[in-house]
file data-v4.pdb (PDB, C-alpha atoms and all ligand atoms)
ATOM      1  CA  MET A 948    -118.555 150.874-138.394
ATOM      2  CA  VAL A 949    -117.294 147.540-137.057
ATOM      3  CA  ASN A 950    -119.775 145.464-135.048
ATOM      4  CA  LEU A 951    -118.617 142.019-133.928
ATOM      5  CA  LYS A 952    -121.476 141.303-131.493
ATOM      6  CA  GLY A 953    -122.514 137.640-131.652
ATOM      7  CA  ARG A 954    -119.597 136.675-133.911
ATOM      8  CA  ASP A 955    -117.360 133.621-133.504
ATOM      9  CA  LEU A 956    -113.564 133.727-133.841
ATOM     10  CA  LEU A 957    -112.571 130.374-135.343
ATOM     11  CA  LYS A 958    -109.670 131.334-137.627
ATOM     12  CA  MET A 959    -107.880 134.530-138.705
ATOM     13  CA  SER A 960    -109.563 134.589-142.093
ATOM     14  CA  ASP A 961    -112.922 135.046-140.303
ATOM     15  CA  LEU A 962    -111.793 138.655-139.791
ATOM     16  CA  THR A 963    -111.456 141.512-142.250
ATOM     17  CA  THR A 964    -108.539 143.940-142.113
ATOM     18  CA  GLU A 965    -110.838 146.567-140.573
ATOM     19  CA  GLU A 966    -111.995 144.108-137.901
ATOM     20  CA  VAL A 967    -108.410 143.146-137.007
ATOM     21  CA  PHE A 968    -107.476 146.803-136.485
ATOM     22  CA  TYR A 969    -110.677 147.372-134.486
ATOM     23  CA  LEU A 970    -109.707 144.499-132.138
ATOM     24  CA  LEU A 971    -106.116 145.732-131.848
ATOM     25  CA  ASP A 972    -107.280 149.254-130.990
ATOM     26  CA  LEU A 973    -109.743 147.885-128.436
ATOM     27  CA  ALA A 974    -107.022 145.666-126.915
ATOM     28  CA  ALA A 975    -104.686 148.671-126.665
ATOM     29  CA  GLU A 976    -107.432 150.674-124.926
ATOM     30  CA  LEU A 977    -108.174 147.818-122.486
ATOM     31  CA  LYS A 978    -104.446 147.342-121.805
ATOM     32  CA  ASP A 979    -104.054 151.040-121.058
ATOM     33  CA  LYS A 980    -107.018 150.940-118.659
ATOM     34  CA  LYS A 981    -105.582 147.859-116.901
ATOM     35  CA  LYS A 982    -102.205 149.572-116.462
ATOM     36  CA  LYS A 983    -103.918 152.662-115.028
ATOM     37  CA  GLY A 984    -106.075 150.573-112.659
ATOM     38  CA  ILE A 985    -109.338 151.611-114.376
ATOM     39  CA  SER A 986    -111.925 148.856-113.906
ATOM     40  CA  VAL A 987    -113.928 147.496-116.849
ATOM     41  CA  ALA A 988    -115.931 145.076-114.685
ATOM     42  CA  ASP A 989    -119.148 146.931-115.571
ATOM     43  CA  ARG A 990    -118.868 145.863-119.238
ATOM     44  CA  HIS A 991    -120.220 142.282-118.897
ATOM     45  CA  PRO A 992    -121.401 141.848-115.295
ATOM     46  CA  GLY A 993    -122.813 138.456-114.386
ATOM     47  CA  LYS A 994    -122.102 136.782-117.729
ATOM     48  CA  ASN A 995    -120.710 133.233-117.741
ATOM     49  CA  ILE A 996    -118.254 131.676-120.161
ATOM     50  CA  ALA A 997    -117.176 128.062-120.630
ATOM     51  CA  LEU A 998    -113.531 127.205-121.243
ATOM     52  CA  ILE A 999    -113.100 123.810-122.897
ATOM     53  CA  PHE A1000    -109.506 122.580-122.948
ATOM     54  CA  GLU A1001    -108.922 119.199-124.581
ATOM     55  CA  LYS A1002    -105.194 120.071-124.587
ATOM     56  CA  THR A1003    -103.203 121.693-121.784
ATOM     57  CA  SER A1004    -102.507 125.429-121.629
ATOM     58  CA  THR A1005    -100.893 128.108-119.489
ATOM     59  CA  ARG A1006    -101.247 131.372-121.451
ATOM     60  CA  THR A1007    -104.573 130.826-123.197
ATOM     61  CA  ARG A1008    -106.397 129.516-120.154
ATOM     62  CA  CYS A1009    -105.015 132.214-117.830
ATOM     63  CA  SER A1010    -105.748 134.910-120.430
ATOM     64  CA  PHE A1011    -109.382 133.875-120.785
ATOM     65  CA  GLU A1012    -109.809 133.576-117.012
ATOM     66  CA  VAL A1013    -108.165 136.902-116.093
ATOM     67  CA  ALA A1014    -109.810 138.756-118.979
ATOM     68  CA  ALA A1015    -113.221 137.344-118.064
ATOM     69  CA  HIS A1016    -112.842 138.350-114.407
ATOM     70  CA  ASP A1017    -111.695 141.837-115.442
ATOM     71  CA  LEU A1018    -114.830 142.176-117.606
ATOM     72  CA  GLY A1019    -117.085 141.186-114.677
ATOM     73  CA  MET A1020    -117.709 137.627-115.864
ATOM     74  CA  HIS A1021    -117.489 134.150-114.324
ATOM     75  CA  VAL A1022    -115.727 131.177-115.927
ATOM     76  CA  THR A1023    -116.183 127.399-115.840
ATOM     77  CA  TYR A1024    -113.098 125.400-116.830
ATOM     78  CA  LEU A1025    -113.509 121.959-118.427
ATOM     79  CA  ASP A1026    -110.109 120.284-118.357
ATOM     80  CA  PRO A1027    -108.765 117.652-120.804
ATOM     81  CA  ALA A1028    -109.929 114.838-118.481
ATOM     82  CA  GLY A1029    -113.272 116.467-117.616
ATOM     83  CA  SER A1030    -114.423 117.215-121.165
ATOM     84  CA  GLN A1031    -116.690 114.561-122.688
ATOM     85  CA  ILE A1032    -116.810 116.215-126.115
ATOM     86  CA  GLY A1033    -116.967 113.694-128.928
ATOM     87  CA  TRP A1034    -116.361 110.837-126.507
ATOM     88  CA  LYS A1035    -119.489 110.469-124.413
ATOM     89  CA  GLU A1036    -121.432 113.352-125.958
ATOM     90  CA  SER A1037    -121.467 114.634-129.521
ATOM     91  CA  ILE A1038    -120.144 118.073-130.403
ATOM     92  CA  ALA A1039    -123.585 119.141-131.583
ATOM     93  CA  ASP A1040    -125.216 118.143-128.280
ATOM     94  CA  THR A1041    -122.433 119.720-126.207
ATOM     95  CA  ALA A1042    -122.790 122.990-128.123
ATOM     96  CA  ARG A1043    -126.525 123.153-127.450
ATOM     97  CA  VAL A1044    -126.149 122.226-123.770
ATOM     98  CA  LEU A1045    -123.448 124.834-123.111
ATOM     99  CA  ALA A1046    -125.155 127.562-125.151
ATOM    100  CA  GLY A1047    -128.124 127.239-122.782
ATOM    101  CA  MET A1048    -125.955 128.054-119.767
ATOM    102  CA  PHE A1049    -123.135 130.290-121.010
ATOM    103  CA  GLU A1050    -122.846 133.545-122.957
ATOM    104  CA  GLY A1051    -119.650 132.412-124.722
ATOM    105  CA  ILE A1052    -117.579 129.265-125.259
ATOM    106  CA  GLU A1053    -113.812 128.912-125.706
ATOM    107  CA  TYR A1054    -112.535 125.688-127.262
ATOM    108  CA  ARG A1055    -108.958 124.316-127.437
ATOM    109  CA  GLY A1056    -108.476 120.934-129.007
ATOM    110  CA  PHE A1057    -107.711 118.958-132.095
ATOM    111  CA  GLU A1058    -109.203 119.327-135.603
ATOM    112  CA  GLN A1059    -110.529 122.662-136.827
ATOM    113  CA  THR A1060    -113.739 120.859-137.821
ATOM    114  CA  ILE A1061    -114.539 120.355-134.124
ATOM    115  CA  VAL A1062    -114.532 124.065-133.284
ATOM    116  CA  GLU A1063    -116.406 124.803-136.533
ATOM    117  CA  GLU A1064    -119.104 122.272-135.612
ATOM    118  CA  LEU A1065    -119.285 123.592-132.057
ATOM    119  CA  ALA A1066    -119.876 127.089-133.436
ATOM    120  CA  TYR A1067    -122.439 125.874-135.959
ATOM    121  CA  TYR A1068    -124.617 124.339-133.230
ATOM    122  CA  SER A1069    -124.020 127.042-130.613
ATOM    123  CA  LYS A1070    -126.171 130.146-130.496
ATOM    124  CA  VAL A1071    -123.499 131.987-128.470
ATOM    125  CA  PRO A1072    -120.029 133.130-129.679
ATOM    126  CA  VAL A1073    -117.342 130.445-129.888
ATOM    127  CA  TRP A1074    -113.641 131.386-129.693
ATOM    128  CA  ASN A1075    -110.878 129.107-130.936
ATOM    129  CA  GLY A1076    -108.201 128.802-128.232
ATOM    130  CA  LEU A1077    -106.028 126.647-130.584
ATOM    131  CA  THR A1078    -106.743 123.790-132.935
ATOM    132  CA  ASN A1079    -104.281 121.757-134.997
ATOM    133  CA  GLU A1080    -104.817 124.150-137.909
ATOM    134  CA  SER A1081    -105.469 127.551-136.381
ATOM    135  CA  HIS A1082    -104.538 129.824-133.439
ATOM    136  CA  PRO A1083    -106.308 133.157-134.027
ATOM    137  CA  THR A1084    -106.108 134.603-130.503
ATOM    138  CA  GLN A1085    -102.317 134.118-130.586
ATOM    139  CA  MET A1086    -102.207 136.133-133.813
ATOM    140  CA  LEU A1087    -103.959 139.135-132.311
ATOM    141  CA  ALA A1088    -101.462 139.181-129.425
ATOM    142  CA  ASP A1089     -98.583 138.914-131.890
ATOM    143  CA  LEU A1090     -99.857 141.794-134.028
ATOM    144  CA  LEU A1091    -100.434 143.986-130.963
ATOM    145  CA  THR A1092     -96.883 143.259-129.769
ATOM    146  CA  ILE A1093     -95.379 144.071-133.168
ATOM    147  CA  ARG A1094     -97.395 147.279-133.492
ATOM    148  CA  GLU A1095     -96.426 148.407-129.973
ATOM    149  CA  HIS A1096     -92.761 147.884-130.801
ATOM    150  CA  PHE A1097     -92.532 149.306-134.337
ATOM    151  CA  GLY A1098     -95.454 151.760-134.144
ATOM    152  CA  ARG A1099     -96.927 150.242-137.322
ATOM    153  CA  LEU A1100     -97.579 146.941-139.084
ATOM    154  CA  GLU A1101     -97.760 147.807-142.760
ATOM    155  CA  GLY A1102     -94.653 146.933-144.765
ATOM    156  CA  LEU A1103     -92.906 144.963-142.004
ATOM    157  CA  THR A1104     -91.542 141.500-142.775
ATOM    158  CA  LEU A1105     -92.017 138.545-140.433
ATOM    159  CA  CYS A1106     -89.942 135.416-140.943
ATOM    160  CA  TYR A1107     -91.234 132.203-139.378
ATOM    161  CA  MET A1108     -88.505 129.535-138.935
ATOM    162  CA  GLY A1109     -89.035 125.834-138.281
ATOM    163  CA  ASP A1110     -91.969 123.440-138.472
ATOM    164  CA  ALA A1111     -94.512 125.425-140.479
ATOM    165  CA  ARG A1112     -97.208 122.791-140.940
ATOM    166  CA  MET A1113     -99.260 123.648-137.889
ATOM    167  CA  ASN A1114    -101.594 126.291-136.465
ATOM    168  CA  THR A1115     -99.029 129.029-135.792
ATOM    169  CA  ALA A1116     -97.494 129.278-139.262
ATOM    170  CA  ASN A1117    -100.868 128.801-140.989
ATOM    171  CA  SER A1118    -102.344 131.618-138.957
ATOM    172  CA  LEU A1119     -99.307 133.918-139.230
ATOM    173  CA  MET A1120     -99.485 133.897-143.036
ATOM    174  CA  VAL A1121    -103.115 135.042-142.946
ATOM    175  CA  ALA A1122    -102.562 137.510-140.083
ATOM    176  CA  CYS A1123     -99.672 139.164-141.937
ATOM    177  CA  ALA A1124    -101.631 139.283-145.191
ATOM    178  CA  LEU A1125    -104.596 140.962-143.469
ATOM    179  CA  VAL A1126    -102.474 143.822-142.086
ATOM    180  CA  SER A1127    -100.202 144.360-145.122
ATOM    181  CA  MET A1128     -97.163 142.685-143.575
ATOM    182  CA  ASN A1129     -94.922 140.361-145.564
ATOM    183  CA  CYS A1130     -94.593 136.788-144.308
ATOM    184  CA  VAL A1131     -91.638 134.560-145.106
ATOM    185  CA  ILE A1132     -92.053 130.910-144.172
ATOM    186  CA  CYS A1133     -88.627 129.342-143.792
ATOM    187  CA  ALA A1134     -88.816 125.572-143.409
ATOM    188  CA  PRO A1135     -87.537 122.349-144.981
ATOM    189  CA  GLU A1136     -89.781 121.275-147.829
ATOM    190  CA  LYS A1137     -91.671 118.611-145.907
ATOM    191  CA  TYR A1138     -92.339 121.047-143.019
ATOM    192  CA  GLN A1139     -93.927 123.752-145.156
ATOM    193  CA  PRO A1140     -97.622 124.693-144.823
ATOM    194  CA  SER A1141    -100.141 122.894-147.000
ATOM    195  CA  GLU A1142    -101.063 124.559-150.293
ATOM    196  CA  VAL A1143    -104.577 125.406-149.113
ATOM    197  CA  TYR A1144    -103.273 127.725-146.338
ATOM    198  CA  ILE A1145    -100.653 129.297-148.593
ATOM    199  CA  GLU A1146    -103.286 129.989-151.262
ATOM    200  CA  LYS A1147    -105.699 131.507-148.713
ATOM    201  CA  ALA A1148    -103.000 133.873-147.437
ATOM    202  CA  LYS A1149    -101.914 134.793-150.975
ATOM    203  CA  GLU A1150    -105.500 135.544-151.955
ATOM    204  CA  ILE A1151    -105.823 137.999-149.020
ATOM    205  CA  ALA A1152    -102.327 139.380-149.700
ATOM    206  CA  LYS A1153    -103.351 140.308-153.254
ATOM    207  CA  GLY A1154    -105.813 142.808-151.836
ATOM    208  CA  THR A1155    -103.512 144.275-149.171
ATOM    209  CA  GLY A1156    -100.217 144.453-151.057
ATOM    210  CA  SER A1157     -98.282 142.050-148.853
ATOM    211  CA  GLU A1158     -96.059 139.182-149.975
ATOM    212  CA  ILE A1159     -96.180 135.550-148.842
ATOM    213  CA  ILE A1160     -92.874 133.812-149.527
ATOM    214  CA  ILE A1161     -91.966 130.170-148.902
ATOM    215  CA  THR A1162     -88.296 129.172-148.745
ATOM    216  CA  ASP A1163     -86.126 126.401-147.341
ATOM    217  CA  SER A1164     -83.105 128.690-146.980
ATOM    218  CA  PRO A1165     -82.556 130.083-143.449
ATOM    219  CA  GLN A1166     -80.273 132.743-144.899
ATOM    220  CA  ALA A1167     -82.770 133.932-147.519
ATOM    221  CA  GLY A1168     -85.551 133.817-144.924
ATOM    222  CA  ALA A1169     -83.809 135.788-142.197
ATOM    223  CA  MET A1170     -82.113 138.393-144.385
ATOM    224  CA  GLY A1171     -83.707 141.778-143.707
ATOM    225  CA  ALA A1172     -86.625 140.435-141.635
ATOM    226  CA  ASP A1173     -88.034 142.747-138.963
ATOM    227  CA  ILE A1174     -89.399 139.877-136.879
ATOM    228  CA  ILE A1175     -87.946 136.392-136.451
ATOM    229  CA  TYR A1176     -90.587 134.022-135.113
ATOM    230  CA  THR A1177     -90.375 130.357-134.172
ATOM    231  CA  ASP A1178     -92.336 127.653-132.363
ATOM    232  CA  VAL A1179     -91.568 124.292-130.774
ATOM    233  CA  TRP A1180     -90.507 121.409-133.014
ATOM    234  CA  VAL A1181     -93.018 118.967-131.534
ATOM    235  CA  SER A1182     -96.542 120.297-131.105
ATOM    236  CA  LEU A1183     -99.144 119.629-128.426
ATOM    237  CA  GLY A1184    -100.580 116.137-128.787
ATOM    238  CA  GLU A1185     -97.774 114.677-130.961
ATOM    239  CA  PRO A1186     -96.059 111.442-129.821
ATOM    240  CA  ASP A1187     -92.534 111.452-128.324
ATOM    241  CA  ASP A1188     -91.083 109.229-131.054
ATOM    242  CA  VAL A1189     -91.041 112.119-133.563
ATOM    243  CA  TRP A1190     -88.212 113.916-131.724
ATOM    244  CA  THR A1191     -85.328 112.122-133.503
ATOM    245  CA  GLU A1192     -86.548 113.128-136.954
ATOM    246  CA  ARG A1193     -87.494 116.671-135.910
ATOM    247  CA  ILE A1194     -84.105 117.352-134.347
ATOM    248  CA  ARG A1195     -82.335 116.054-137.459
ATOM    249  CA  ASP A1196     -84.498 118.054-139.877
ATOM    250  CA  LEU A1197     -85.020 121.280-137.954
ATOM    251  CA  THR A1198     -81.698 121.971-136.232
ATOM    252  CA  PRO A1199     -80.518 124.057-139.264
ATOM    253  CA  TYR A1200     -83.591 126.273-138.634
ATOM    254  CA  ARG A1201     -82.859 126.975-134.965
ATOM    255  CA  VAL A1202     -82.978 130.687-134.204
ATOM    256  CA  ASP A1203     -79.515 131.611-132.973
ATOM    257  CA  LYS A1204     -77.373 134.765-132.922
ATOM    258  CA  ASN A1205     -76.346 134.152-136.520
ATOM    259  CA  VAL A1206     -79.997 134.220-137.656
ATOM    260  CA  MET A1207     -80.686 137.396-135.658
ATOM    261  CA  ASP A1208     -77.535 139.019-137.111
ATOM    262  CA  MET A1209     -78.723 138.188-140.646
ATOM    263  CA  ALA A1210     -82.046 139.838-139.844
ATOM    264  CA  GLY A1211     -80.331 142.982-138.623
ATOM    265  CA  CYS A1212     -79.770 144.951-135.436
ATOM    266  CA  ASP A1213     -83.351 146.278-135.212
ATOM    267  CA  ALA A1214     -85.020 142.861-135.616
ATOM    268  CA  ILE A1215     -87.057 141.403-132.774
ATOM    269  CA  PHE A1216     -87.554 137.788-131.718
ATOM    270  CA  MET A1217     -90.992 136.301-131.020
ATOM    271  CA  HIS A1218     -92.261 132.895-129.875
ATOM    272  CA  CYS A1219     -95.788 131.897-128.887
ATOM    273  CA  LEU A1220     -94.362 129.802-125.984
ATOM    274  CA  PRO A1221     -93.764 127.483-124.259
ATOM    275  CA  SER A1222     -90.180 127.171-125.502
ATOM    276  CA  PHE A1223     -87.296 124.735-125.142
ATOM    277  CA  HIS A1224     -84.452 127.235-124.857
ATOM    278  CA  ASP A1225     -82.658 125.779-121.818
ATOM    279  CA  LEU A1226     -82.778 122.872-119.362
ATOM    280  CA  GLY A1227     -85.449 124.455-117.164
ATOM    281  CA  THR A1228     -88.067 121.808-118.011
ATOM    282  CA  LYS A1229     -88.321 118.067-117.356
ATOM    283  CA  LYS A1230     -88.899 117.522-121.092
ATOM    284  CA  GLY A1231     -85.890 119.679-121.979
ATOM    285  CA  ARG A1232     -83.675 117.630-119.642
ATOM    286  CA  GLU A1233     -85.019 114.352-121.080
ATOM    287  CA  ILE A1234     -84.206 115.531-124.628
ATOM    288  CA  SER A1235     -80.800 116.749-123.494
ATOM    289  CA  GLU A1236     -79.945 113.339-122.009
ATOM    290  CA  LYS A1237     -81.167 111.475-125.088
ATOM    291  CA  PHE A1238     -79.860 113.737-127.885
ATOM    292  CA  GLY A1239     -77.207 115.911-126.221
ATOM    293  CA  LEU A1240     -79.058 119.150-127.047
ATOM    294  CA  ASN A1241     -79.399 121.859-124.389
ATOM    295  CA  GLU A1242     -81.586 124.159-126.495
ATOM    296  CA  MET A1243     -83.850 123.478-129.431
ATOM    297  CA  GLU A1244     -85.865 125.856-131.642
ATOM    298  CA  VAL A1245     -84.132 128.937-130.163
ATOM    299  CA  THR A1246     -80.894 129.412-128.278
ATOM    300  CA  ASP A1247     -81.012 130.688-124.733
ATOM    301  CA  GLU A1248     -78.833 133.604-125.867
ATOM    302  CA  VAL A1249     -81.524 134.850-128.288
ATOM    303  CA  PHE A1250     -84.435 134.000-125.983
ATOM    304  CA  GLU A1251     -82.930 136.065-123.156
ATOM    305  CA  SER A1252     -81.635 138.887-125.378
ATOM    306  CA  PRO A1253     -83.053 142.440-125.477
ATOM    307  CA  ALA A1254     -84.463 141.608-128.950
ATOM    308  CA  SER A1255     -86.761 138.998-127.427
ATOM    309  CA  LEU A1256     -90.322 140.230-126.829
ATOM    310  CA  VAL A1257     -91.715 136.857-125.773
ATOM    311  CA  PHE A1258     -93.029 137.936-122.377
ATOM    312  CA  VAL A1259     -94.711 141.084-123.695
ATOM    313  CA  GLU A1260     -96.247 138.839-126.352
ATOM    314  CA  ALA A1261     -97.489 136.450-123.627
ATOM    315  CA  GLU A1262     -99.017 139.309-121.625
ATOM    316  CA  ASN A1263    -100.717 140.608-124.747
ATOM    317  CA  ARG A1264    -102.600 137.303-125.044
ATOM    318  CA  MET A1265    -104.729 138.515-122.127
ATOM    319  CA  HIS A1266    -105.377 142.028-123.456
ATOM    320  CA  THR A1267    -106.319 140.797-126.942
ATOM    321  CA  ILE A1268    -108.516 137.944-125.673
ATOM    322  CA  LYS A1269    -110.260 140.511-123.478
ATOM    323  CA  ALA A1270    -110.888 142.601-126.589
ATOM    324  CA  VAL A1271    -112.273 139.588-128.483
ATOM    325  CA  MET A1272    -114.707 138.736-125.685
ATOM    326  CA  ASP A1273    -115.706 142.371-125.132
ATOM    327  CA  ALA A1274    -116.334 142.899-128.842
ATOM    328  CA  THR A1275    -118.265 139.689-129.498
ATOM    329  CA  LEU A1276    -120.432 139.457-126.353
TER     330      LEU A1276
HETATM  331  N1  LIG A1301     -99.093 130.116-126.842
HETATM  332  C1  LIG A1301    -100.027 129.353-126.248
HETATM  333  O1  LIG A1301    -101.105 129.047-126.808
HETATM  334  O2  LIG A1301     -99.724 129.041-124.954
HETATM  335  P1  LIG A1301    -100.491 127.963-124.079
HETATM  336  O3  LIG A1301    -100.369 126.633-124.770
HETATM  337  O4  LIG A1301     -99.813 127.992-122.721
HETATM  338  O5  LIG A1301    -101.942 128.383-123.975
END
call {"tool": "encode", "arguments": {"input": "data-v4.pdb", "output": "structure tokens", "more": "lines below"}}
Ligand code: CP
result
Amino acid sequence: MVNLKGRDLLKMSDLTTEEVFYLLDLAAELKDKKKKGISVADRHPGKNIALIFEKTSTRTRCSFEVAAHDLGMHVTYLDPAGSQIGWKESIADTARVLAGMFEGIEYRGFEQTIVEELAYYSKVPVWNGLTNESHPTQMLADLLTIREHFGRLEGLTLCYMGDARMNTANSLMVACALVSMNCVICAPEKYQPSEVYIEKAKEIAKGTGSEIIITDSPQAGAMGADIIYTDVWVSLGEPDDVWTERIRDLTPYRVDKNVMDMAGCDAIFMHCLPSFHDLGTKKGREISEKFGLNEMEVTDEVFESPASLVFVEAENRMHTIKAVMDATL
């Protein structure tokens, strides 16, 4: 019997396979109730949660806020300018102050060690809303989306294309390993995940029968994949001067129609968002003027195609975060 009460969610490997499926089933139940207009506000009435965002967010912040309101809770949002963590007040002190006022704390920021320290000093559950190394709530939304589409997870192959050194690729390898999916990381050599994350995923994969494959060949990576997944080429918090190098190195890994065709007609496209797939953003237009590119990690054709599940995936952030809070509070 799974019981996650009082638990933190700091990285995917905090969870067992059984716990992942428990959260996915709970998220599916909560999603169904939401669609049918059945209130769950009696589940955590009057509780308060703190949302600390040292980096900006649309999906994660809105998901925590909407999910908290749906569960009968109140939220306090500390924005990147308003948070004094590690600057005017230590992480240990912040954790103990907030744990005296709130029943749960979400943290989005920089190093994984920050969220780990916050959790160590906090007596209430801490949820990682993204660090440089890990993005566990994104993973639960991704797995729910894949399971809704294919009706299963086991045996499917996900191919991640692009810059694989950061939170999304690190977490995808572990998430896939936990649920018996195969994960192919397709990236130039210097953009591949560090050995420590690959080894962690492979260790889990040994017990679940999945395969973790690292390649620099877009063709080998895409061939036969059920899911093609990508992320932006420059992550939150990185300086603008890295664009020239990223565009040069990662353009061969852009997800276009050719990549989707190699994967096959039943393959789906996923992206944690936000995405540079057109000129709809100020940043996208700046890059276009400077480098002559109108789309980056994914073409607009693929992003807008029927194979693209990106907006279902975004919605599922809310249902899965609701499940995490409901299960741990
Ligand atoms: N995918 C994701 O974490 O989105 P936000 O940065 O908008 O929260």
call {"tool": "atom_distance", "arguments": {"input": "data-v4.pdb", "atom1": "atom CA of Glu1012 of chain A", "atom2": "atom CA of Ile996 of chain A"}}
result
9.2 Å
call {"tool": "residues_near_ligand", "arguments": {"input": "data-v4.pdb", "ligand": "ligand LIG 1301 (chain A)", "cutoff": "10 Å", "atoms": "all atoms listed in the file", "output": "PyMOL selection string"}}
result
chain A and resi 1000+1002-1011+1055+1076-1078+1082-1086+1088+1115+1178+1182-1183+1218-1222+1260-1261+1264
call {"tool": "resolve_selection", "arguments": {"input": "data-v4.pdb", "expression": "the PyMOL selection byres (((chain A and resi 1145-1156) around 10) and not hetatm)", "output": "JSON, numbers by chain"}}
result
{"A": [960, 963, 964, 1101, 1102, 1116, 1117, 1118, 1119, 1120, 1121, 1122, 1123, 1124, 1125, 1126, 1127, 1128, 1129, 1130, 1132, 1139, 1140, 1141, 1142, 1143, 1144, 1157, 1158, 1159, 1160, 1161]}
call {"tool": "resolve_selection", "arguments": {"input": "data-v4.pdb", "expression": "the PyMOL selection byres (((chain A and resi 1270) around 10) and not hetatm)", "output": "list in words"}}
result
Tyr969, Leu970, Leu971, Asp972, Leu973, Ala974, Ala975, Glu976, Leu977, Lys978, Ala1014, Leu1018, Leu1087, Arg1264, Met1265, His1266, Thr1267, Ile1268, Lys1269, Val1271, Met1272, Asp1273, Ala1274 and Thr1275 of chain A
call {"tool": "write_last_selection", "arguments": {"input": "data-v4.pdb", "atoms": "C-alpha atoms", "output": "CSV table (one decimal), in the frame of the given file"}}
result
chain,number,residue,atom,x,y,z
A,969,TYR,CA,-110.7,147.4,-134.5
A,970,LEU,CA,-109.7,144.5,-132.1
A,971,LEU,CA,-106.1,145.7,-131.8
A,972,ASP,CA,-107.3,149.3,-131.0
A,973,LEU,CA,-109.7,147.9,-128.4
A,974,ALA,CA,-107.0,145.7,-126.9
A,975,ALA,CA,-104.7,148.7,-126.7
A,976,GLU,CA,-107.4,150.7,-124.9
A,977,LEU,CA,-108.2,147.8,-122.5
A,978,LYS,CA,-104.4,147.3,-121.8
A,1014,ALA,CA,-109.8,138.8,-119.0
A,1018,LEU,CA,-114.8,142.2,-117.6
A,1087,LEU,CA,-104.0,139.1,-132.3
A,1264,ARG,CA,-102.6,137.3,-125.0
A,1265,MET,CA,-104.7,138.5,-122.1
A,1266,HIS,CA,-105.4,142.0,-123.5
A,1267,THR,CA,-106.3,140.8,-126.9
A,1268,ILE,CA,-108.5,137.9,-125.7
A,1269,LYS,CA,-110.3,140.5,-123.5
A,1271,VAL,CA,-112.3,139.6,-128.5
A,1272,MET,CA,-114.7,138.7,-125.7
A,1273,ASP,CA,-115.7,142.4,-125.1
A,1274,ALA,CA,-116.3,142.9,-128.8
A,1275,THR,CA,-118.3,139.7,-129.5
call {"tool": "closest_residue", "arguments": {"input": "data-v4.pdb", "among": "A:Leu1025, A:Ala1015, A:Leu957, A:Ala1172", "to": "Asn1079 of chain A", "atoms": "only C-alpha atoms"}}
result
A:Leu957
call {"tool": "atom_distance", "arguments": {"input": "data-v4.pdb", "atom1": "atom CA of Thr1060 of chain A", "atom2": "atom CA of Gly953 of chain A"}}
result
19.9 Å
call {"tool": "resolve_selection", "arguments": {"input": "data-v4.pdb", "expression": "the PyMOL selection byres (((chain A and resi 987-989) around 10) and not hetatm)", "output": "PyMOL selection string"}}
result
chain A and resi 977+980-981+984-986+990-993+1014-1020+1273
